[in-house]
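Trainee: Contents are CSV, C-alpha atoms; file name coords-v1.csv:
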chain,number,residue,atom,x,y,z
G,1,MET,CA,-25.1,172.5,125.8
G,2,LYS,CA,-23.2,175.4,127.5
G,3,ILE,CA,-22.2,178.7,126.1
G,4,ASP,CA,-19.8,181.0,128.1
G,5,LEU,CA,-19.9,184.7,127.6
G,6,THR,CA,-17.4,187.1,129.2
G,7,ASP,CA,-17.9,190.9,129.5
G,8,THR,CA,-21.2,190.6,127.6
G,9,THR,CA,-24.6,192.3,127.3
G,10,ALA,CA,-28.2,191.2,127.7
G,11,GLY,CA,-28.6,191.4,123.9
G,12,LYS,CA,-25.8,188.9,123.3
G,13,VAL,CA,-27.2,186.6,125.9
G,14,ASN,CA,-30.5,186.5,124.0
G,15,LYS,CA,-28.7,185.7,120.8
G,16,ALA,CA,-26.9,182.9,122.6
G,17,LEU,CA,-30.2,181.4,123.8
G,18,VAL,CA,-31.5,181.3,120.2
G,19,GLN,CA,-28.3,179.8,119.0
G,20,GLY,CA,-28.4,177.1,121.6
G,21,ARG,CA,-32.0,176.1,120.9
G,22,ARG,CA,-31.2,175.8,117.1
G,23,ALA,CA,-28.1,173.8,117.9
G,24,ILE,CA,-30.0,171.1,119.8
G,25,GLY,CA,-32.9,171.2,117.3
G,26,THR,CA,-35.6,172.7,119.5
G,27,PRO,CA,-36.2,176.3,118.2
G,28,ALA,CA,-39.7,176.5,119.8
G,29,VAL,CA,-40.0,178.0,123.2
G,30,GLY,CA,-42.3,176.0,125.5
G,31,MET,CA,-41.6,177.6,128.9
G,32,VAL,CA,-44.5,178.6,131.1
G,33,LEU,CA,-42.8,181.2,133.4
G,34,THR,CA,-39.5,182.9,134.2
G,35,LEU,CA,-37.9,182.0,137.5
G,36,VAL,CA,-35.3,184.6,138.8
G,37,ILE,CA,-33.0,183.3,141.6
G,38,VAL,CA,-31.1,186.0,143.5
G,39,THR,CA,-28.3,184.4,145.5
G,40,ASP,CA,-24.5,184.3,146.1
G,41,GLU,CA,-21.8,182.0,144.9
G,42,GLU,CA,-22.0,179.8,148.0
G,43,ASN,CA,-25.6,178.9,147.6
G,44,ALA,CA,-26.0,179.1,143.8
G,45,TYR,CA,-25.3,175.4,143.2
G,46,ASP,CA,-28.0,174.1,145.6
G,47,ALA,CA,-30.6,176.7,144.4
G,48,LEU,CA,-29.9,175.9,140.7
G,49,LYS,CA,-30.1,172.2,141.3
G,50,ALA,CA,-33.5,172.6,143.0
G,51,ALA,CA,-34.8,174.8,140.2
G,52,GLU,CA,-33.7,172.3,137.6
G,53,GLU,CA,-35.5,169.5,139.3
G,54,ALA,CA,-38.6,171.7,139.7
G,55,SER,CA,-38.5,172.5,135.9
G,56,HIS,CA,-39.5,168.9,135.1
G,57,GLU,CA,-43.0,169.9,136.4
G,58,HIS,CA,-42.8,173.6,135.4
G,59,PRO,CA,-40.7,174.2,132.3
G,60,SER,CA,-39.2,177.6,132.8
G,61,ARG,CA,-36.4,180.0,131.9
G,62,THR,CA,-34.3,180.2,135.0
G,63,LEU,CA,-32.2,183.3,135.5
G,64,VAL,CA,-29.6,183.1,138.3
G,65,VAL,CA,-28.4,186.5,139.5
G,66,ILE,CA,-25.1,186.4,141.4
G,67,LYS,CA,-23.7,189.7,142.6
G,68,ARG,CA,-20.0,189.4,142.9
G,69,VAL,CA,-18.3,191.5,145.6
G,70,SER,CA,-15.3,193.5,144.2
G,71,ARG,CA,-12.2,193.5,146.4
G,72,SER,CA,-10.4,196.6,145.3
G,73,PRO,CA,-11.8,200.2,144.9
G,74,ARG,CA,-10.8,200.0,141.2
G,75,ASP,CA,-12.9,196.9,140.6
G,76,ARG,CA,-15.9,198.4,142.3
G,77,THR,CA,-16.1,201.2,139.7
G,78,ALA,CA,-15.6,198.8,136.7
G,79,SER,CA,-18.8,197.2,135.5
G,80,ARG,CA,-18.8,193.8,133.9
G,81,LEU,CA,-21.4,191.1,133.1
G,82,ASP,CA,-20.4,187.5,132.7
G,83,ALA,CA,-23.0,184.9,131.6
G,84,GLU,CA,-23.3,181.2,131.2
G,85,VAL,CA,-26.1,179.9,129.0
G,86,ARG,CA,-27.4,176.3,129.4
G,87,VAL,CA,-29.9,174.6,127.1
G,88,GLY,CA,-31.0,171.1,126.6
G,89,ALA,CA,-29.9,168.3,129.0
G,90,ASP,CA,-27.8,170.8,131.0
G,91,ALA,CA,-30.8,172.9,131.9
G,92,GLY,CA,-33.5,170.4,132.9
G,93,SER,CA,-36.7,171.0,131.0
G,94,GLY,CA,-36.1,174.6,130.2
G,95,GLU,CA,-33.3,177.2,129.8
G,96,THR,CA,-30.8,178.4,132.3
G,97,VAL,CA,-28.8,181.6,132.3
G,98,ILE,CA,-26.3,182.3,135.1
G,99,LEU,CA,-25.5,186.0,135.3
G,100,ARG,CA,-22.5,187.2,137.3
G,101,LEU,CA,-22.6,191.0,138.0
G,102,HIS,CA,-19.4,192.8,138.8
G,103,GLY,CA,-19.0,196.4,139.9
G,104,GLU,CA,-21.7,199.1,139.7
G,105,VAL,CA,-23.9,196.9,137.4
G,106,ALA,CA,-24.7,194.8,140.5
G,107,ASP,CA,-26.8,197.7,141.8
G,108,HIS,CA,-28.9,197.6,138.6
G,109,ALA,CA,-29.7,193.9,138.2
G,110,ASP,CA,-33.2,194.7,137.1
G,111,SER,CA,-32.0,196.4,133.9
G,112,VAL,CA,-30.0,193.2,133.1
G,113,VAL,CA,-32.8,190.8,133.9
G,114,LEU,CA,-35.7,192.7,132.2
G,115,PRO,CA,-34.6,192.1,128.5
G,116,LEU,CA,-34.2,188.3,129.4
G,117,LEU,CA,-37.8,187.7,130.7
G,118,LEU,CA,-40.1,185.6,128.7
G,119,PRO,CA,-42.8,187.7,126.9
G,120,ASP,CA,-46.3,187.3,128.2
G,121,ALA,CA,-45.3,184.9,130.9
G,122,PRO,CA,-45.5,185.2,134.7
G,123,VAL,CA,-42.3,186.0,136.7
G,124,VAL,CA,-41.4,184.5,140.1
G,125,VAL,CA,-38.4,185.8,142.1
G,126,TRP,CA,-36.8,183.6,144.7
G,127,TRP,CA,-34.3,184.6,147.3
G,128,PRO,CA,-32.8,181.4,148.9
G,129,VAL,CA,-30.7,183.6,151.3
G,130,ASN,CA,-30.4,187.3,152.2
G,131,ALA,CA,-33.8,188.3,151.1
G,132,PRO,CA,-34.7,192.0,151.3
G,133,LEU,CA,-36.9,193.3,154.2
G,134,ASP,CA,-39.5,194.4,151.7
G,135,PRO,CA,-39.4,192.1,148.6
G,136,ALA,CA,-42.2,193.9,146.8
G,137,LYS,CA,-40.2,197.2,146.8
G,138,ASP,CA,-37.0,195.5,145.7
G,139,PRO,CA,-36.2,196.4,142.0
G,140,LEU,CA,-36.2,192.7,141.0
G,141,GLY,CA,-39.2,191.9,143.2
G,142,ALA,CA,-41.2,194.6,141.5
G,143,LEU,CA,-41.0,192.7,138.2
G,144,ALA,CA,-42.6,189.6,139.7
G,145,GLN,CA,-46.1,188.3,140.4
G,146,ARG,CA,-44.8,186.0,143.2
G,147,ARG,CA,-41.9,186.7,145.6
G,148,VAL,CA,-40.5,183.6,147.4
G,149,THR,CA,-38.3,184.0,150.5
G,150,ASP,CA,-37.1,181.6,153.2
G,151,THR,CA,-36.9,182.9,156.8
G,152,TYR,CA,-35.3,179.6,157.9
G,153,SER,CA,-32.0,180.8,156.3
G,154,SER,CA,-32.0,184.1,158.2
G,155,GLU,CA,-29.9,184.6,161.4
G,156,GLN,CA,-33.0,185.5,163.5
G,157,PRO,CA,-36.0,183.7,162.0
G,158,VAL,CA,-38.6,184.8,164.6
G,159,ARG,CA,-37.7,188.5,164.2
G,160,GLU,CA,-37.7,188.0,160.4
G,161,LEU,CA,-41.3,186.8,160.7
G,162,SER,CA,-42.3,190.0,162.4
G,163,ALA,CA,-40.6,192.0,159.7
G,164,ARG,CA,-42.4,190.0,157.0
G,165,ALA,CA,-45.7,190.7,158.6
G,166,ASP,CA,-45.1,194.5,158.6
G,167,THR,CA,-44.1,194.6,154.9
G,168,TYR,CA,-46.4,191.9,153.5
G,169,THR,CA,-47.7,192.5,150.0
G,170,PRO,CA,-50.1,190.2,148.1
G,171,GLY,CA,-47.8,187.8,146.2
G,172,ASP,CA,-45.3,187.3,149.0
G,173,THR,CA,-44.7,183.8,150.3
G,174,ASP,CA,-42.2,181.8,152.4
G,175,LEU,CA,-40.7,178.4,152.0
G,176,SER,CA,-41.1,178.0,155.8
G,177,TRP,CA,-44.8,178.2,155.2
G,178,THR,CA,-44.6,175.7,152.3
G,179,ARG,CA,-42.9,173.2,154.6
G,180,ILE,CA,-46.0,172.9,156.9
G,181,THR,CA,-48.5,172.1,154.1
G,182,PRO,CA,-48.7,168.4,154.9
G,183,TRP,CA,-49.1,169.2,158.6
G,184,ARG,CA,-52.0,171.5,157.9
G,185,SER,CA,-53.6,168.9,155.7
G,186,MET,CA,-53.3,166.2,158.3
G,187,LEU,CA,-54.6,168.4,161.2
G,188,ALA,CA,-57.6,169.6,159.2
G,189,ALA,CA,-58.4,165.9,158.2
G,190,ALA,CA,-58.2,164.9,161.9
G,191,LEU,CA,-60.6,167.6,163.0
G,192,ASP,CA,-63.0,166.6,160.3
G,193,GLN,CA,-63.3,163.1,161.9
G,194,VAL,CA,-64.4,164.3,165.3
G,195,VAL,CA,-67.2,166.7,166.2
G,196,CYS,CA,-65.6,168.6,169.0
G,197,GLU,CA,-64.6,172.0,170.4
G,198,VAL,CA,-60.8,172.7,170.5
G,199,LYS,CA,-59.8,174.3,173.8
G,200,ALA,CA,-56.0,174.5,173.7
G,201,VAL,CA,-53.1,173.6,171.3
G,202,GLU,CA,-49.5,172.9,171.8
G,203,VAL,CA,-46.9,173.0,168.9
G,204,GLU,CA,-43.6,171.3,169.6
G,205,GLY,CA,-40.4,171.7,167.5
G,206,GLU,CA,-36.8,172.7,167.4
G,207,GLU,CA,-35.6,176.1,168.3
G,208,PHE,CA,-35.1,178.8,165.6
G,209,ASN,CA,-37.5,177.0,163.2
G,210,PRO,CA,-40.0,179.5,161.8
G,211,SER,CA,-42.2,176.7,160.5
G,212,CYS,CA,-43.2,175.9,164.1
G,213,GLU,CA,-44.2,179.5,164.7
G,214,LEU,CA,-46.1,179.7,161.4
G,215,LEU,CA,-48.0,176.5,162.2
G,216,ALA,CA,-48.8,177.8,165.7
G,217,MET,CA,-50.0,181.2,164.4
G,218,TRP,CA,-52.2,179.4,161.8
G,219,LEU,CA,-53.9,177.3,164.4
G,220,ALA,CA,-54.4,180.2,166.8
G,221,ASP,CA,-55.8,182.4,164.0
G,222,ARG,CA,-58.2,179.7,162.7
G,223,LEU,CA,-59.3,178.1,166.0
G,224,ASP,CA,-59.2,181.2,168.2
G,225,VAL,CA,-57.7,179.3,171.1
G,226,PRO,CA,-54.5,179.8,173.1
G,227,VAL,CA,-51.5,178.1,171.5
G,228,LYS,CA,-48.4,177.1,173.4
G,229,ARG,CA,-45.0,176.9,171.6
G,230,SER,CA,-42.7,174.4,173.2
G,231,LEU,CA,-39.1,173.3,172.3
G,232,SER,CA,-37.7,169.9,171.4
G,233,ALA,CA,-34.5,168.5,170.0
G,234,GLY,CA,-36.0,168.2,166.5
G,235,PRO,CA,-35.7,167.5,163.7
G,236,GLY,CA,-38.0,170.3,162.6
G,237,LEU,CA,-41.6,170.1,163.8
G,238,THR,CA,-42.0,167.1,166.1
G,239,ALA,CA,-45.6,167.2,167.5
G,240,VAL,CA,-48.9,169.0,167.6
G,241,ARG,CA,-51.3,168.3,170.5
G,242,LEU,CA,-54.9,169.5,170.6
G,243,ALA,CA,-57.1,169.4,173.8
G,244,THR,CA,-60.7,169.1,172.7
G,245,SER,CA,-64.0,168.5,174.4
G,246,GLU,CA,-64.0,164.9,173.2
G,247,GLY,CA,-60.5,164.1,174.2
G,248,ALA,CA,-56.9,164.6,173.0
G,249,ILE,CA,-55.8,164.7,169.3
G,250,ALA,CA,-52.0,164.4,168.7
G,251,LEU,CA,-49.8,164.3,165.6
G,252,ASP,CA,-46.4,163.1,166.7
G,253,ARG,CA,-43.3,162.9,164.4
G,254,ALA,CA,-40.2,162.0,166.2
G,255,ASP,CA,-37.9,160.8,163.4
G,256,GLY,CA,-38.7,163.4,160.7
G,257,SER,CA,-40.3,160.9,158.3
G,258,LEU,CA,-43.1,158.8,159.9
G,259,ALA,CA,-45.8,160.3,162.2
G,260,THR,CA,-48.4,158.9,164.4
G,261,LEU,CA,-52.0,160.3,164.5
G,262,SER,CA,-53.7,159.6,167.9
G,263,ILE,CA,-57.4,160.4,168.5
G,264,ASP,CA,-59.2,159.4,171.7
G,265,GLY,CA,-61.5,156.4,171.1
G,266,GLN,CA,-59.8,155.4,167.8
G,267,PRO,CA,-56.7,153.3,167.1
G,268,ASP,CA,-53.4,155.0,166.4
G,269,ARG,CA,-52.5,155.4,162.7
G,270,ALA,CA,-49.1,155.8,161.1
G,271,VAL,CA,-49.0,158.5,158.4
G,272,ALA,CA,-46.2,159.5,156.0
G,273,LEU,CA,-44.9,163.0,156.9
G,274,LYS,CA,-41.4,163.2,155.7
G,275,ARG,CA,-39.3,166.3,155.5
G,276,ARG,CA,-39.3,167.5,151.9
G,277,ASP,CA,-36.3,168.9,150.0
G,278,THR,CA,-36.1,172.4,148.4
G,279,ALA,CA,-37.0,171.1,144.9
G,280,GLU,CA,-40.3,169.9,146.1
G,281,LEU,CA,-41.0,173.1,148.0
G,282,ILE,CA,-40.2,175.4,145.1
G,283,ALA,CA,-42.3,173.1,142.8
G,284,GLU,CA,-45.3,173.5,145.1
G,285,GLU,CA,-44.9,177.3,145.1
G,286,LEU,CA,-44.8,177.4,141.3
G,287,ARG,CA,-48.2,175.7,141.1
G,288,ARG,CA,-50.0,178.8,142.2
G,289,LEU,CA,-49.4,182.4,141.2
G,290,ASP,CA,-52.3,184.0,143.1
G,291,PRO,CA,-51.9,185.7,146.5
G,292,ASP,CA,-52.0,183.3,149.5
G,293,ASP,CA,-54.6,184.8,151.8
G,294,THR,CA,-54.2,182.0,154.4
G,295,TYR,CA,-50.5,182.7,154.8
G,296,ALA,CA,-51.2,186.4,155.1
G,297,SER,CA,-53.7,185.9,157.8
G,298,ALA,CA,-51.5,183.6,159.8
G,299,LEU,CA,-48.5,185.9,159.4
G,300,ARG,CA,-50.4,189.0,160.6
G,301,PHE,CA,-51.6,187.1,163.7
G,302,GLY,CA,-48.2,187.9,165.3
G,303,VAL,CA,-45.5,185.8,167.0
G,304,GLU,CA,-45.8,187.8,170.2
G,305,ARG,CA,-49.4,186.6,170.7
G,306,LEU,CA,-48.2,183.0,171.1
G,307,ASN,CA,-48.0,181.5,174.6
G,308,ALA,CA,-50.4,184.1,175.9
G,309,PRO,CA,-53.1,182.9,178.3
G,310,ALA,CA,-56.7,183.2,177.4
G,311,THR,CA,-58.1,186.6,178.6
G,312,PRO,CA,-61.5,186.2,180.4
G,313,ALA,CA,-64.2,188.5,179.2
G,314,THR,CA,-64.6,191.5,181.6
G,315,PRO,CA,-68.2,192.2,182.7
G,316,ALA,CA,-69.6,195.5,181.5
G,317,THR,CA,-69.8,198.2,184.3
G,318,PRO,CA,-73.4,199.4,184.7
G,319,ALA,CA,-73.8,203.0,183.9
G,320,THR,CA,-74.8,205.2,186.9
G,321,GLU,CA,-77.5,207.9,186.4
G,322,PRO,CA,-76.4,211.4,187.3
G,323,VAL,CA,-77.9,212.7,190.5
G,324,PRO,CA,-79.7,216.0,189.9
G,325,GLU,CA,-78.5,218.9,192.0
G,326,ALA,CA,-80.9,220.3,194.6
G,327,SER,CA,-82.2,223.7,193.6
G,328,ALA,CA,-82.6,226.6,196.1
G,329,PRO,CA,-86.2,227.2,197.3
G,330,GLU,CA,-88.0,230.2,195.8
G,331,VAL,CA,-88.6,233.1,198.4
G,332,SER,CA,-91.3,235.8,198.3
G,333,PRO,CA,-90.5,239.5,198.9
G,334,LYS,CA,-91.7,239.1,202.6
G,335,GLY,CA,-89.3,236.3,203.1
G,336,GLU,CA,-91.8,233.4,203.0
G,337,PRO,CA,-91.3,230.3,200.9
G,338,VAL,CA,-93.4,230.2,197.7
G,339,THR,CA,-95.3,227.0,197.0
G,340,HIS,CA,-96.7,226.4,193.6
G,341,PRO,CA,-100.0,224.5,193.3
G,342,ALA,CA,-98.5,221.8,191.1
G,343,THR,CA,-95.6,221.3,193.5
G,344,ALA,CA,-97.9,221.2,196.5
G,345,SER,CA,-100.1,218.6,194.9
G,346,GLU,CA,-97.2,216.5,194.0
G,347,ALA,CA,-95.8,216.8,197.5
G,348,ALA,CA,-99.2,215.8,199.0
G,349,ALA,CA,-99.3,212.8,196.7
G,350,GLU,CA,-95.9,211.6,197.9
G,351,VAL,CA,-96.7,211.9,201.7
G,352,PRO,CA,-98.5,208.6,202.8
G,353,THR,CA,-101.6,209.0,205.0
G,354,THR,CA,-101.7,207.1,208.2
G,355,GLU,CA,-105.5,206.4,208.2
G,356,ALA,CA,-105.7,204.7,204.8
G,357,ALA,CA,-104.7,201.0,204.7
G,358,PRO,CA,-101.7,200.3,202.5
G,359,GLN,CA,-102.7,199.0,199.1
G,360,GLU,CA,-101.4,195.7,198.0
G,361,ARG,CA,-99.4,195.4,194.8
G,362,PRO,CA,-100.9,193.3,192.0
G,363,PRO,CA,-99.3,189.8,191.8
G,364,LEU,CA,-96.5,189.4,189.2
G,365,LYS,CA,-97.4,187.4,186.1
G,366,LYS,CA,-95.4,184.3,185.7
G,367,ARG,CA,-93.2,184.3,182.6
G,368,ALA,CA,-94.0,181.5,180.2
G,369,LYS,CA,-91.2,179.0,179.8
G,370,ALA,CA,-89.5,179.0,176.4
G,371,THR,CA,-90.0,175.8,174.5
Please lay out the structure from this file as structure tokens.
Mentor:
Amino acid sequence: MKIDLTDTTAGKVNKALVQGRRAIGTPAVGMVLTLVIVTDEENAYDALKAAEEASHEHPSRTLVVIKRVSRSPRDRTASRLDAEVRVGADAGSGETVILRLHGEVADHADSVVLPLLLPDAPVVVWWPVNAPLDPAKDPLGALAQRRVTDTYSSEQPVRELSARADTYTPGDTDLSWTRITPWRSMLAAALDQVVCEVKAVEVEGEEFNPSCELLAMWLADRLDVPVKRSLSAGPGLTAVRLATSEGAIALDRADGSLATLSIDGQPDRAVALKRRDTAELIAEELRRLDPDDTYASALRFGVERLNAPATPATPATPATEPVPEASAPEVSPKGEPVTHPATASEAAAEVPTTEAAPQERPPLKKRAKAT
């Protein structure tokens, strides 16, 4: 069921939601969260389709916020809110409200969204494209417990990763990080099968793919070894190679669906490692609402530290003892040098006598060997 509202308000949208639920015979609200999607007209269809598929696992109220660009100066000053309410089969397993904001109201989207949030339910905000540099300080991001971005959709993904590291706030996450979850699971399982020491790692993938950098930073952060980032024709991530003390470990995926796990001394194994669509990625992110500390640690490692050679430890420079300055000799009123008894005895003890035979030093005791 669809209900179109033109030049409306948030209160009328709420009444339309209640009217729609009664019309289809489901007055009870069984949603577990509110998903706010901030996008444009070009990407709204794909984002809404992914959210509807994810709602079969996470029934939610989906609010799609589309900020319409006004063409003329007169339209920029005129504020208008158009809404499309979907319930029942047209909204997956929840409710969907598409909000189109015109004019000055587009700068105050939080005041429109706030009355439509489910009471006592967590809020997740997702930017499929054009995410703010600091999602936590965005007016809509401040309403949410989780803020989902996607650096893969940005024009300069590697630079975007550095900006995300500078502005990270607990609750931030990235779909580029979600894409490498199967890779991290397979690599961790492979290292559990062999007792070895990892010496170096190489991550191979297509250019301008932030998932490759995130996987490389995760390995460098966890293993504390140099990681090389190399390029390939894709698609996406293609291979990860680990040089260990017991031989090489490689996870190679050339076609984007089936990978080969190779471990020295063991037969090669084929593992399913297909590229997942956006609906699967957003469904995975909605399973957890707590901060992702592993993502934060990998993000803060820094892209600039990749491809850096291992720095050898520099030996500590021994500290030199300061040489005491020679003091001027004490002179008597007659001009003769004054010699104190203590000084004279010390000087006599330091001068070796020629008549006495040199005394032999006691032999050094041998150090007992450690068991």
Trainee: Region 295-299 of chain G: which residues within 9 Å, counting only C-alpha atoms, same-chain residues fewer than 2 positions away excluded, as a list in words?
Mentor: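 The filter keeps Leu161, Ser162, Arg164, Ala165, Tyr168, Thr169, Pro170, Asp172, Thr173, Asp174, Trp177, Leu214, Leu215, Ala216, Met217, Trp218, Leu219, Ala220, Asp221, Arg222, Pro291, Asp292, Asp293, Phe301, Gly302 and Val303 of chain G.
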Trainee: Give me, as a count of residues only, all polymer residues having an atom no more than 12 Å from Pro157 (chain G), counting all atoms listed in the file and skipping those fewer than 5 positions away in the same chain.
Mentor: 20
Trainee: Find, counting all atoms listed in the file, the residue in G:Ala51, G:Met186, G:Ala136, G:Leu35 that gets nearest to Val124 (chain G).
Mentor: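 Among G:Ala51, G:Met186, G:Ala136, G:Leu35, it is G:Leu35 that comes nearest to Val124 (chain G).
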Trainee: Region 6-8 of chain G: which residues within 10 Å, counting all atoms listed in the file, same-chain residues fewer than 4 positions away excluded, as a list in words?
Mentor: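 Residues meeting the cut-off are Lys12, Val13, Ser79, Arg80, Leu81, Asp82, Ala83, Glu84, Leu99, Arg100, Leu101 and His102 of chain G.
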Trainee: For the atom pair CA of Pro226 (chain G) and CA of Lys199 (chain G), what is the interatomic distance in Å to one decimal place?
Mentor: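 Taking CA of Pro226 (chain G) and CA of Lys199 (chain G), their separation equals 7.7 Å.
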Trainee: Looking at all atoms listed in the file, which of G:Asp138, G:Leu191, G:Ser230, G:Ala50 is the one that sits closest to Arg276 (chain G)?
Mentor: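 Counting all atoms listed in the file, the residue closest to Arg276 (chain G) is G:Ala50.
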Trainee: How far is it from CA of Glu197 (chain G) to CA of Glu246 (chain G), in Å with one decimal?
Mentor: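 Atom-to-atom, CA of Glu197 (chain G) and CA of Glu246 (chain G) are spaced 7.7 Å apart.
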Trainee: With distances taken over only C-alpha atoms, which residue among G:Val203, G:Ala44, G:Leu140, G:Leu251 lies nearest Leu187 (chain G)?
Mentor: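 Checking each of G:Val203, G:Ala44, G:Leu140, G:Leu251 against Leu187 (chain G), counting only C-alpha atoms, the winner is G:Leu251.
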Trainee: In Å, rounded to a single decimal, give me how far CA of Leu306 (chain G) is from CA of Leu242 (chain G).
Mentor: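 Going from CA of Leu242 (chain G) over to CA of Leu306 (chain G) covers 15.1 Å.
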Trainee: Let me make sure I understand: among G:His58, G:Leu175, G:Val87, G:Pro139, which one has the smallest atom-to-atom distance to Thr278 (chain G) if we use all atoms listed in the file?
Mentor: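 Closest candidate: G:Leu175.
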Trainee: Counting only C-alpha atoms, which of G:Ser60, G:Ser262, G:Ser257, G:Ser55 gets nearest to Pro122 (chain G)?
Mentor: G:Ser60
Trainee: My list of candidates is G:Val64, G:Val32, G:Val198, G:Ala144. Which is closest to Tyr45 (chain G) when distances are computed with only C-alpha atoms?
Mentor: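 Going through G:Val64, G:Val32, G:Val198, G:Ala144 one by one, the smallest distance to Tyr45 (chain G) is for G:Val64.
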Trainee: Can you pull out the residues contacting Arg61 (chain G)? Cut-off 8 Å, using only C-alpha atoms, and skip same-chain residues under 6 positions away; I want them as number ranges by chain.
Mentor: G: 31, 33-35, 94-97, 117-118
Trainee: Quick one: write out the picked residues with C-alpha atoms as a PDB file, keeping the file's coordinate frame?
Mentor:
ATOM      1  CA  MET G  31     -41.600 177.600 128.900  1.00  0.00           C
ATOM      2  CA  LEU G  33     -42.800 181.200 133.400  1.00  0.00           C
ATOM      3  CA  THR G  34     -39.500 182.900 134.200  1.00  0.00           C
ATOM      4  CA  LEU G  35     -37.900 182.000 137.500  1.00  0.00           C
ATOM      5  CA  GLY G  94     -36.100 174.600 130.200  1.00  0.00           C
ATOM      6  CA  GLU G  95     -33.300 177.200 129.800  1.00  0.00           C
ATOM      7  CA  THR G  96     -30.800 178.400 132.300  1.00  0.00           C
ATOM      8  CA  VAL G  97     -28.800 181.600 132.300  1.00  0.00           C
ATOM      9  CA  LEU G 117     -37.800 187.700 130.700  1.00  0.00           C
ATOM     10  CA  LEU G 118     -40.100 185.600 128.700  1.00  0.00           C
TER      11      LEU G 118
END
Trainee: Write out as a PDB file with C-alpha atoms, in the coordinates of the input which residues come within 9 Å of Lys228 (chain G) when counting only C-alpha atoms, dropping same-chain ones fewer than 3 positions away.
Mentor:
ATOM      1  CA  ALA G 200     -56.000 174.500 173.700  1.00  0.00           C
ATOM      2  CA  VAL G 201     -53.100 173.600 171.300  1.00  0.00           C
ATOM      3  CA  GLU G 202     -49.500 172.900 171.800  1.00  0.00           C
ATOM      4  CA  VAL G 203     -46.900 173.000 168.900  1.00  0.00           C
ATOM      5  CA  GLU G 204     -43.600 171.300 169.600  1.00  0.00           C
ATOM      6  CA  ALA G 216     -48.800 177.800 165.700  1.00  0.00           C
ATOM      7  CA  LEU G 306     -48.200 183.000 171.100  1.00  0.00           C
ATOM      8  CA  ASN G 307     -48.000 181.500 174.600  1.00  0.00           C
ATOM      9  CA  ALA G 308     -50.400 184.100 175.900  1.00  0.00           C
ATOM     10  CA  PRO G 309     -53.100 182.900 178.300  1.00  0.00           C
TER      11      PRO G 309
END
Trainee: Can you sort out region 267-276 of chain G so it carries N, CA, C and O atoms, written as a PDB file, keeping the file's coordinate frame?
Mentor:
ATOM      1  N   PRO G 267     -58.079 153.817 167.090  1.00  0.00           N
ATOM      2  CA  PRO G 267     -56.700 153.300 167.100  1.00  0.00           C
ATOM      3  C   PRO G 267     -55.721 154.227 166.468  1.00  0.00           C
ATOM      4  O   PRO G 267     -56.065 155.024 165.584  1.00  0.00           O
ATOM      5  N   ASP G 268     -54.468 154.175 166.929  1.00  0.00           N
ATOM      6  CA  ASP G 268     -53.400 155.000 166.400  1.00  0.00           C
ATOM      7  C   ASP G 268     -53.121 154.630 164.939  1.00  0.00           C
ATOM      8  O   ASP G 268     -53.166 153.458 164.568  1.00  0.00           O
ATOM      9  N   ARG G 269     -52.795 155.660 164.128  1.00  0.00           N
ATOM     10  CA  ARG G 269     -52.500 155.400 162.700  1.00  0.00           C
ATOM     11  C   ARG G 269     -51.143 156.024 162.376  1.00  0.00           C
ATOM     12  O   ARG G 269     -50.814 157.128 162.820  1.00  0.00           O
ATOM     13  N   ALA G 270     -50.385 155.304 161.563  1.00  0.00           N
ATOM     14  CA  ALA G 270     -49.100 155.800 161.100  1.00  0.00           C
ATOM     15  C   ALA G 270     -49.316 156.505 159.734  1.00  0.00           C
ATOM     16  O   ALA G 270     -49.952 155.962 158.829  1.00  0.00           O
ATOM     17  N   VAL G 271     -48.797 157.707 159.618  1.00  0.00           N
ATOM     18  CA  VAL G 271     -49.000 158.500 158.400  1.00  0.00           C
ATOM     19  C   VAL G 271     -47.586 158.961 157.929  1.00  0.00           C
ATOM     20  O   VAL G 271     -46.690 159.237 158.732  1.00  0.00           O
ATOM     21  N   ALA G 272     -47.416 159.013 156.601  1.00  0.00           N
ATOM     22  CA  ALA G 272     -46.200 159.500 156.000  1.00  0.00           C
ATOM     23  C   ALA G 272     -46.091 161.002 156.103  1.00  0.00           C
ATOM     24  O   ALA G 272     -46.965 161.696 155.583  1.00  0.00           O
ATOM     25  N   LEU G 273     -45.075 161.511 156.766  1.00  0.00           N
ATOM     26  CA  LEU G 273     -44.900 163.000 156.900  1.00  0.00           C
ATOM     27  C   LEU G 273     -43.445 163.304 156.887  1.00  0.00           C
ATOM     28  O   LEU G 273     -42.877 163.865 157.828  1.00  0.00           O
ATOM     29  N   LYS G 274     -42.814 162.972 155.776  1.00  0.00           N
ATOM     30  CA  LYS G 274     -41.400 163.200 155.700  1.00  0.00           C
ATOM     31  C   LYS G 274     -41.026 164.626 155.416  1.00  0.00           C
ATOM     32  O   LYS G 274     -41.855 165.403 154.907  1.00  0.00           O
ATOM     33  N   ARG G 275     -39.818 164.963 155.753  1.00  0.00           N
ATOM     34  CA  ARG G 275     -39.300 166.300 155.500  1.00  0.00           C
ATOM     35  C   ARG G 275     -38.944 166.415 154.019  1.00  0.00           C
ATOM     36  O   ARG G 275     -38.176 165.607 153.492  1.00  0.00           O
ATOM     37  N   ARG G 276     -39.461 167.416 153.329  1.00  0.00           N
ATOM     38  CA  ARG G 276     -39.300 167.500 151.900  1.00  0.00           C
ATOM     39  C   ARG G 276     -38.049 168.403 151.588  1.00  0.00           C
ATOM     40  O   ARG G 276     -37.690 169.307 152.356  1.00  0.00           O
TER      41      ARG G 276
END
